>>> print(open('upload.txt').read())   # compact mmCIF, C-alpha atoms
# COMPACT_ATOMS: atom_id res chain seq x y z
CA MET A 1 -57.37 -54.64 -2.86
CA GLY A 2 -59.57 -51.88 -1.59
CA ALA A 3 -60.33 -49.23 -4.17
CA THR A 4 -61.84 -45.77 -4.13
CA PHE A 5 -63.00 -44.40 -7.47
CA GLU A 6 -64.11 -40.94 -8.50
CA PRO A 7 -67.93 -40.62 -8.55
CA GLY A 8 -68.42 -41.51 -12.22
CA TRP A 9 -66.53 -44.78 -12.02
CA GLN A 10 -67.89 -45.49 -8.54
CA GLY A 11 -71.40 -45.55 -9.97
CA ILE A 12 -70.37 -48.21 -12.50
CA LEU A 13 -67.86 -50.19 -10.47
CA GLY A 14 -68.94 -49.86 -6.85
CA GLN A 15 -71.43 -52.74 -6.84
CA GLU A 16 -69.19 -54.83 -9.09
CA LEU A 17 -66.45 -54.74 -6.45
CA GLU A 18 -68.84 -56.36 -3.97
CA LYS A 19 -69.66 -59.40 -6.10
CA ASP A 20 -68.56 -62.88 -5.07
CA TYR A 21 -66.05 -63.26 -7.90
CA MET A 22 -64.23 -60.11 -6.78
CA GLN A 23 -63.98 -61.48 -3.24
CA SER A 24 -62.52 -64.69 -4.68
CA LEU A 25 -60.05 -62.58 -6.67
CA ARG A 26 -59.04 -60.69 -3.51
CA ASN A 27 -58.45 -63.99 -1.72
CA PHE A 28 -56.34 -65.25 -4.62
CA LEU A 29 -54.19 -62.10 -4.64
CA LYS A 30 -53.76 -62.31 -0.86
CA GLN A 31 -52.58 -65.93 -1.19
CA GLU A 32 -50.15 -64.93 -3.93
CA LYS A 33 -48.55 -62.35 -1.67
CA GLU A 34 -48.56 -64.61 1.39
CA SER A 35 -46.69 -67.25 -0.60
CA ALA A 36 -43.98 -64.65 -1.29
CA GLU A 37 -44.92 -64.33 -4.95
CA LEU A 38 -44.08 -60.97 -6.50
CA VAL A 39 -47.17 -59.47 -8.10
CA TYR A 40 -47.16 -56.57 -10.58
CA PRO A 41 -48.12 -53.79 -10.57
CA LYS A 42 -47.93 -52.73 -6.93
CA SER A 43 -51.31 -52.55 -5.21
CA SER A 44 -51.56 -48.77 -5.34
CA ASP A 45 -51.17 -48.83 -9.14
CA VAL A 46 -53.62 -51.63 -10.04
CA PHE A 47 -56.49 -49.22 -10.81
CA ASN A 48 -54.41 -46.40 -12.27
CA ALA A 49 -56.33 -46.43 -15.56
CA PHE A 50 -59.45 -45.33 -13.71
CA LYS A 51 -57.61 -42.80 -11.55
CA HIS A 52 -56.02 -41.02 -14.51
CA THR A 53 -59.07 -41.18 -16.79
CA PRO A 54 -62.33 -40.22 -15.03
CA LEU A 55 -65.45 -41.66 -16.64
CA GLU A 56 -66.67 -38.33 -17.96
CA ARG A 57 -63.35 -37.76 -19.76
CA VAL A 58 -63.09 -41.10 -21.55
CA LYS A 59 -62.86 -40.54 -25.32
CA VAL A 60 -60.66 -43.44 -26.44
CA VAL A 61 -60.26 -46.99 -25.09
CA LEU A 62 -57.02 -48.84 -25.81
CA LEU A 63 -57.39 -52.47 -24.79
CA GLY A 64 -54.44 -54.59 -23.71
CA GLN A 65 -54.32 -58.11 -22.34
CA ASP A 66 -51.90 -58.49 -19.41
CA PRO A 67 -49.66 -56.20 -17.36
CA TYR A 68 -45.95 -56.43 -18.11
CA HIS A 69 -44.35 -59.00 -15.80
CA GLY A 70 -40.80 -57.63 -15.47
CA PRO A 71 -39.40 -55.51 -12.61
CA GLY A 72 -40.41 -51.84 -12.66
CA GLN A 73 -42.50 -52.10 -15.81
CA ALA A 74 -46.23 -52.31 -15.05
CA HIS A 75 -48.01 -49.37 -13.43
CA GLY A 76 -51.65 -49.97 -14.22
CA LEU A 77 -51.87 -48.57 -17.76
CA SER A 78 -52.01 -50.85 -20.81
CA PHE A 79 -48.91 -50.77 -23.06
CA SER A 80 -47.26 -48.25 -20.70
CA VAL A 81 -44.12 -48.74 -18.60
CA GLN A 82 -42.62 -46.61 -15.89
CA LYS A 83 -39.85 -44.19 -16.73
CA GLY A 84 -36.38 -45.63 -16.32
CA VAL A 85 -37.10 -49.06 -17.81
CA ALA A 86 -36.59 -50.07 -21.43
CA VAL A 87 -39.41 -49.37 -23.87
CA PRO A 88 -41.01 -52.75 -24.72
CA PRO A 89 -41.08 -53.97 -28.35
CA SER A 90 -44.84 -53.47 -28.85
CA LEU A 91 -44.62 -49.89 -27.66
CA ARG A 92 -41.59 -49.28 -29.87
CA ASN A 93 -43.75 -50.35 -32.81
CA MET A 94 -46.51 -48.00 -31.64
CA TYR A 95 -43.99 -45.16 -31.61
CA LYS A 96 -42.83 -46.17 -35.09
CA GLU A 97 -46.41 -46.00 -36.36
CA LEU A 98 -46.94 -42.65 -34.64
CA ALA A 99 -43.83 -41.25 -36.32
CA ASN A 100 -45.24 -42.31 -39.70
CA ASP A 101 -48.79 -41.21 -38.94
CA ILE A 102 -48.57 -37.98 -36.95
CA PRO A 103 -46.57 -35.12 -38.56
CA GLY A 104 -43.73 -33.97 -36.33
CA PHE A 105 -44.05 -36.83 -33.82
CA LYS A 106 -40.72 -37.45 -32.11
CA VAL A 107 -40.06 -40.85 -30.57
CA PRO A 108 -39.76 -40.40 -26.78
CA ALA A 109 -36.92 -41.83 -24.73
CA HIS A 110 -39.33 -43.54 -22.28
CA GLY A 111 -42.55 -45.55 -22.33
CA ASP A 112 -44.74 -43.78 -19.78
CA LEU A 113 -48.13 -43.15 -21.44
CA THR A 114 -49.69 -41.31 -18.49
CA ALA A 115 -50.05 -38.20 -20.67
CA TRP A 116 -52.46 -40.12 -22.92
CA ALA A 117 -54.49 -41.35 -19.94
CA ASP A 118 -54.77 -37.80 -18.60
CA GLN A 119 -56.30 -36.70 -21.93
CA GLY A 120 -59.06 -39.30 -21.96
CA VAL A 121 -57.41 -42.44 -23.34
CA LEU A 122 -58.48 -45.30 -21.07
CA LEU A 123 -55.46 -47.63 -21.08
CA LEU A 124 -57.25 -50.79 -19.96
CA ASN A 125 -55.78 -54.27 -19.63
CA ALA A 126 -58.19 -57.22 -19.50
CA THR A 127 -56.25 -58.62 -16.53
CA LEU A 128 -55.00 -56.06 -14.01
CA THR A 129 -52.33 -58.08 -12.17
CA VAL A 130 -49.70 -60.69 -12.99
CA ARG A 131 -47.15 -62.83 -11.17
CA ALA A 132 -43.56 -61.73 -11.75
CA HIS A 133 -41.98 -63.30 -14.83
CA GLN A 134 -45.09 -65.41 -15.59
CA ALA A 135 -47.18 -63.94 -18.39
CA GLY A 136 -50.87 -64.74 -18.12
CA SER A 137 -50.55 -66.12 -14.60
CA HIS A 138 -53.56 -64.16 -13.28
CA GLN A 139 -55.85 -64.83 -16.21
CA GLY A 140 -59.09 -66.65 -15.44
CA LYS A 141 -59.13 -65.50 -11.81
CA GLY A 142 -61.89 -62.90 -12.15
CA TRP A 143 -60.28 -59.83 -13.66
CA GLU A 144 -61.83 -60.53 -17.07
CA ASN A 145 -65.32 -60.41 -15.54
CA PHE A 146 -64.51 -57.04 -14.04
CA THR A 147 -63.00 -55.49 -17.17
CA ASN A 148 -65.72 -56.95 -19.42
CA HIS A 149 -68.18 -55.15 -17.16
CA VAL A 150 -66.18 -51.93 -17.66
CA ILE A 151 -66.31 -52.29 -21.47
CA SER A 152 -70.03 -53.11 -21.47
CA ALA A 153 -70.77 -50.18 -19.17
CA LEU A 154 -68.77 -47.79 -21.33
CA SER A 155 -70.70 -48.98 -24.36
CA ALA A 156 -74.02 -48.40 -22.61
CA GLU A 157 -73.22 -45.15 -20.80
CA LYS A 158 -71.17 -43.29 -23.40
CA GLN A 159 -71.54 -42.24 -27.04
CA GLY A 160 -68.99 -41.91 -29.84
CA LEU A 161 -66.02 -43.54 -28.12
CA VAL A 162 -63.09 -44.79 -30.18
CA PHE A 163 -62.12 -48.36 -29.29
CA LEU A 164 -58.65 -49.37 -30.48
CA LEU A 165 -58.77 -53.15 -30.86
CA TRP A 166 -55.35 -54.52 -31.77
CA GLY A 167 -55.00 -58.26 -32.19
CA LYS A 168 -57.52 -61.09 -31.86
CA PHE A 169 -57.77 -60.91 -28.09
CA ALA A 170 -58.88 -57.27 -28.12
CA GLN A 171 -61.08 -57.78 -31.18
CA ASN A 172 -63.00 -60.50 -29.36
CA LYS A 173 -64.20 -57.75 -27.00
CA ALA A 174 -66.13 -56.16 -29.88
CA GLN A 175 -69.13 -58.30 -28.90
CA LEU A 176 -69.42 -56.18 -25.74
CA ILE A 177 -69.61 -52.91 -27.69
CA ASP A 178 -72.59 -51.35 -29.46
CA GLU A 179 -71.12 -50.60 -32.89
CA SER A 180 -74.07 -48.35 -33.76
CA LYS A 181 -72.94 -45.92 -31.02
CA HIS A 182 -69.17 -46.24 -31.07
CA ASN A 183 -66.18 -46.38 -33.40
CA LEU A 184 -64.14 -49.59 -33.55
CA LEU A 185 -60.71 -49.44 -35.16
CA LYS A 186 -59.20 -52.90 -35.65
CA ALA A 187 -55.66 -53.89 -36.65
CA ALA A 188 -53.00 -56.47 -35.93
CA HIS A 189 -51.31 -56.32 -32.55
CA PRO A 190 -48.17 -54.12 -32.45
CA SER A 191 -46.09 -57.04 -31.17
CA PRO A 192 -43.04 -57.75 -33.36
CA LEU A 193 -44.68 -61.12 -34.12
CA SER A 194 -47.67 -59.51 -35.83
CA ALA A 195 -47.11 -55.78 -36.44
CA HIS A 196 -46.20 -56.43 -40.08
CA ASN A 197 -49.64 -58.01 -40.65
CA GLY A 198 -51.47 -54.70 -40.64
CA PHE A 199 -50.50 -52.67 -37.59
CA HIS A 200 -47.87 -50.70 -39.44
CA GLY A 201 -49.74 -48.37 -41.74
CA CYS A 202 -53.08 -48.62 -39.91
CA ARG A 203 -52.97 -44.88 -39.12
CA HIS A 204 -55.17 -45.42 -36.08
CA PHE A 205 -53.74 -42.43 -34.23
CA SER A 206 -54.70 -39.88 -36.89
CA LYS A 207 -57.99 -41.70 -37.57
CA THR A 208 -58.84 -41.44 -33.87
CA ASN A 209 -58.27 -37.70 -33.94
CA ASP A 210 -60.33 -37.32 -37.12
CA ILE A 211 -63.23 -39.09 -35.37
CA LEU A 212 -62.91 -36.91 -32.26
CA LEU A 213 -62.71 -33.69 -34.29
CA ALA A 214 -65.81 -34.71 -36.27
CA GLN A 215 -67.65 -34.86 -32.92
CA GLY A 216 -66.37 -31.43 -31.90
CA LEU A 217 -64.02 -32.94 -29.33
CA GLU A 218 -60.41 -32.06 -28.57
CA PRO A 219 -58.02 -34.41 -30.38
CA ILE A 220 -55.42 -36.41 -28.48
CA ASP A 221 -51.92 -34.94 -28.38
CA TRP A 222 -50.04 -38.18 -28.93
CA GLN A 223 -46.64 -36.57 -28.41
CA ILE A 224 -45.07 -37.70 -25.14
CA ILE A 225 -42.43 -35.49 -23.55
>>> encode(input="upload.txt", output="structure tokens")
Amino acid sequence: MGATFEPGWQGILGQELEKDYMQSLRNFLKQEKESAELVYPKSSDVFNAFKHTPLERVKVVLLGQDPYHGPGQAHGLSFSVQKGVAVPPSLRNMYKELANDIPGFKVPAHGDLTAWADQGVLLLNATLTVRAHQAGSHQGKGWENFTNHVISALSAEKQGLVFLLWGKFAQNKAQLIDESKHNLLKAAHPSPLSAHNGFHGCRHFSKTNDILLAQGLEPIDWQII
């Protein structure tokens, strides 16, 4: 699980990668693969969120929990799936909210959110790997320490970020964020189990752009082609 980051992220993450818990995590992932367990996403995609969204370009942070655990889905970006696989239910609800919130938004035929990441939306899962078909199987192995460090560092290093915290798991990360410096938008998770409890109608996509525009920043083009 070697990783090379662009200079901005390297400054924040370089020393973190050398800590004992990360070595333990590497050993765990090696054992998973040696025992013939399928692990998602593939190794080259694990850190895609950081590759597509350099530190200096981060404007929005969308926190997820676990990578998708089905074949061909996960590729290192929270809520996103690779082209050619079915759009998951939570993302379908996100598209539904976008269609109601953003004038002219057309629901895409795929679930690849790379275009958001390339515009400064850090699509960060709390856990960056998972065993095939076993949700949550890599929780508590060290990834949360790493991604908590990312959130804390973003809070300290940046100003005026928009954190999209959907569901209790993401909202628990608010304790890592300086609310006097950043913007926290909270709603129910877009999962079909909870979207009706306040995700639909939250208008977080337009609210995010209003916040960015108020800072003189380019808004996110949420439309995916």
>>> atom_distance(input="upload.txt", atom1="atom CA of A:Phe205", atom2="atom CA of A:Pro89")
18.1 Å
>>> closest_atom_pairs(input="upload.txt", of="stretch 181-211 of chain A", to="stretch 47-64 of chain A", cutoff="12 Å", atoms="all atoms listed in the file", output="Markdown table")
| residue | atom | partner | partner_atom | distance |
| --- | --- | --- | --- | --- |
| A:His182 | CA | A:Val60 | CA | 10.1 |
| A:Asn183 | CA | A:Val60 | CA | 9.4 |
| A:Leu184 | CA | A:Val61 | CA | 9.7 |
| A:Leu185 | CA | A:Leu62 | CA | 10.1 |
| A:Lys186 | CA | A:Leu62 | CA | 10.9 |
| A:His189 | CA | A:Gly64 | CA | 9.5 |
| A:Pro190 | CA | A:Gly64 | CA | 10.8 |
| A:Ser191 | CA | A:Gly64 | CA | 11.5 |
| A:His204 | CA | A:Leu62 | CA | 11.0 |
| A:Phe205 | CA | A:Val60 | CA | 10.5 |
| A:Lys207 | CA | A:Val60 | CA | 11.6 |
| A:Thr208 | CA | A:Val60 | CA | 7.9 |
| A:Asn209 | CA | A:Val60 | CA | 9.7 |
| A:Ile211 | CA | A:Lys59 | CA | 10.2 |
>>> residues_near_point(input="upload.txt", point="(-41.7, -63.7, -13.2)", cutoff="7 Å", atoms="only C-alpha atoms", output="number ranges by chain")
A: 69-70, 131-134
>>> write_last_selection(input="upload.txt", atoms="C-alpha atoms", output="mmCIF file, keeping the file's coordinate frame")
data_model
loop_
_atom_site.group_PDB
_atom_site.id
_atom_site.type_symbol
_atom_site.label_atom_id
_atom_site.label_comp_id
_atom_site.auth_asym_id
_atom_site.auth_seq_id
_atom_site.Cartn_x
_atom_site.Cartn_y
_atom_site.Cartn_z
ATOM 1 C CA HIS A 69 -44.350 -59.000 -15.800
ATOM 2 C CA GLY A 70 -40.800 -57.630 -15.470
ATOM 3 C CA ARG A 131 -47.150 -62.830 -11.170
ATOM 4 C CA ALA A 132 -43.560 -61.730 -11.750
ATOM 5 C CA HIS A 133 -41.980 -63.300 -14.830
ATOM 6 C CA GLN A 134 -45.090 -65.410 -15.590
#
>>> closest_residue(input="upload.txt", among="A:Asp101, A:Thr4, A:Lys30, A:Lys141", to="A:Gly201", atoms="all atoms listed in the file")
A:Asp101
>>> closest_residue(input="upload.txt", among="A:Phe146, A:Leu213, A:Ala74, A:Asp221", to="A:Gln15", atoms="all atoms listed in the file")
A:Phe146
>>> axis_aligned_box(input="upload.txt", around="stretch 26-36 of chain A", padding_each_side="8 Å", output="lines of an AutoDock Vina configuration file")
center_x = -51.5
center_y = -64.0
center_z = -1.6
size_x = 31.1
size_y = 22.6
size_z = 22.0
>>> closest_residue(input="upload.txt", among="A:Asp112, A:Gln31, A:Gly167, A:Ile102", to="A:Gly84", atoms="all atoms listed in the file")
A:Asp112
>>> closest_residue(input="upload.txt", among="A:Trp143, A:Asn93, A:Ser78, A:Leu128", to="A:Leu25", atoms="only C-alpha atoms")
A:Trp143
>>> atom_distance(input="upload.txt", atom1="atom CA of A:Lys168", atom2="atom CA of A:Val46")
24.1 Å
>>> closest_residue(input="upload.txt", among="A:Glu97, A:Asp210, A:Glu144, A:Glu34", to="A:Gly198", atoms="all atoms listed in the file")
A:Glu97
>>> closest_residue(input="upload.txt", among="A:Ala188, A:Val81, A:His200, A:Gly120", to="A:Gln171", atoms="only C-alpha atoms")
A:Ala188
>>> atom_distance(input="upload.txt", atom1="atom CA of A:Lys106", atom2="atom CA of A:Pro41")
28.0 Å
>>> residues_around(input="upload.txt", residues="A:Ser90", least_positions_apart="2", cutoff="10 Å", atoms="only C-alpha atoms", output="list of chain:residue names")
A:Phe79, A:Ser80, A:Val87, A:Pro88, A:Arg92, A:Asn93, A:Met94, A:Tyr95, A:Lys96, A:His189, A:Pro190, A:Ser191, A:Pro192, A:Leu193, A:Ser194, A:Ala195
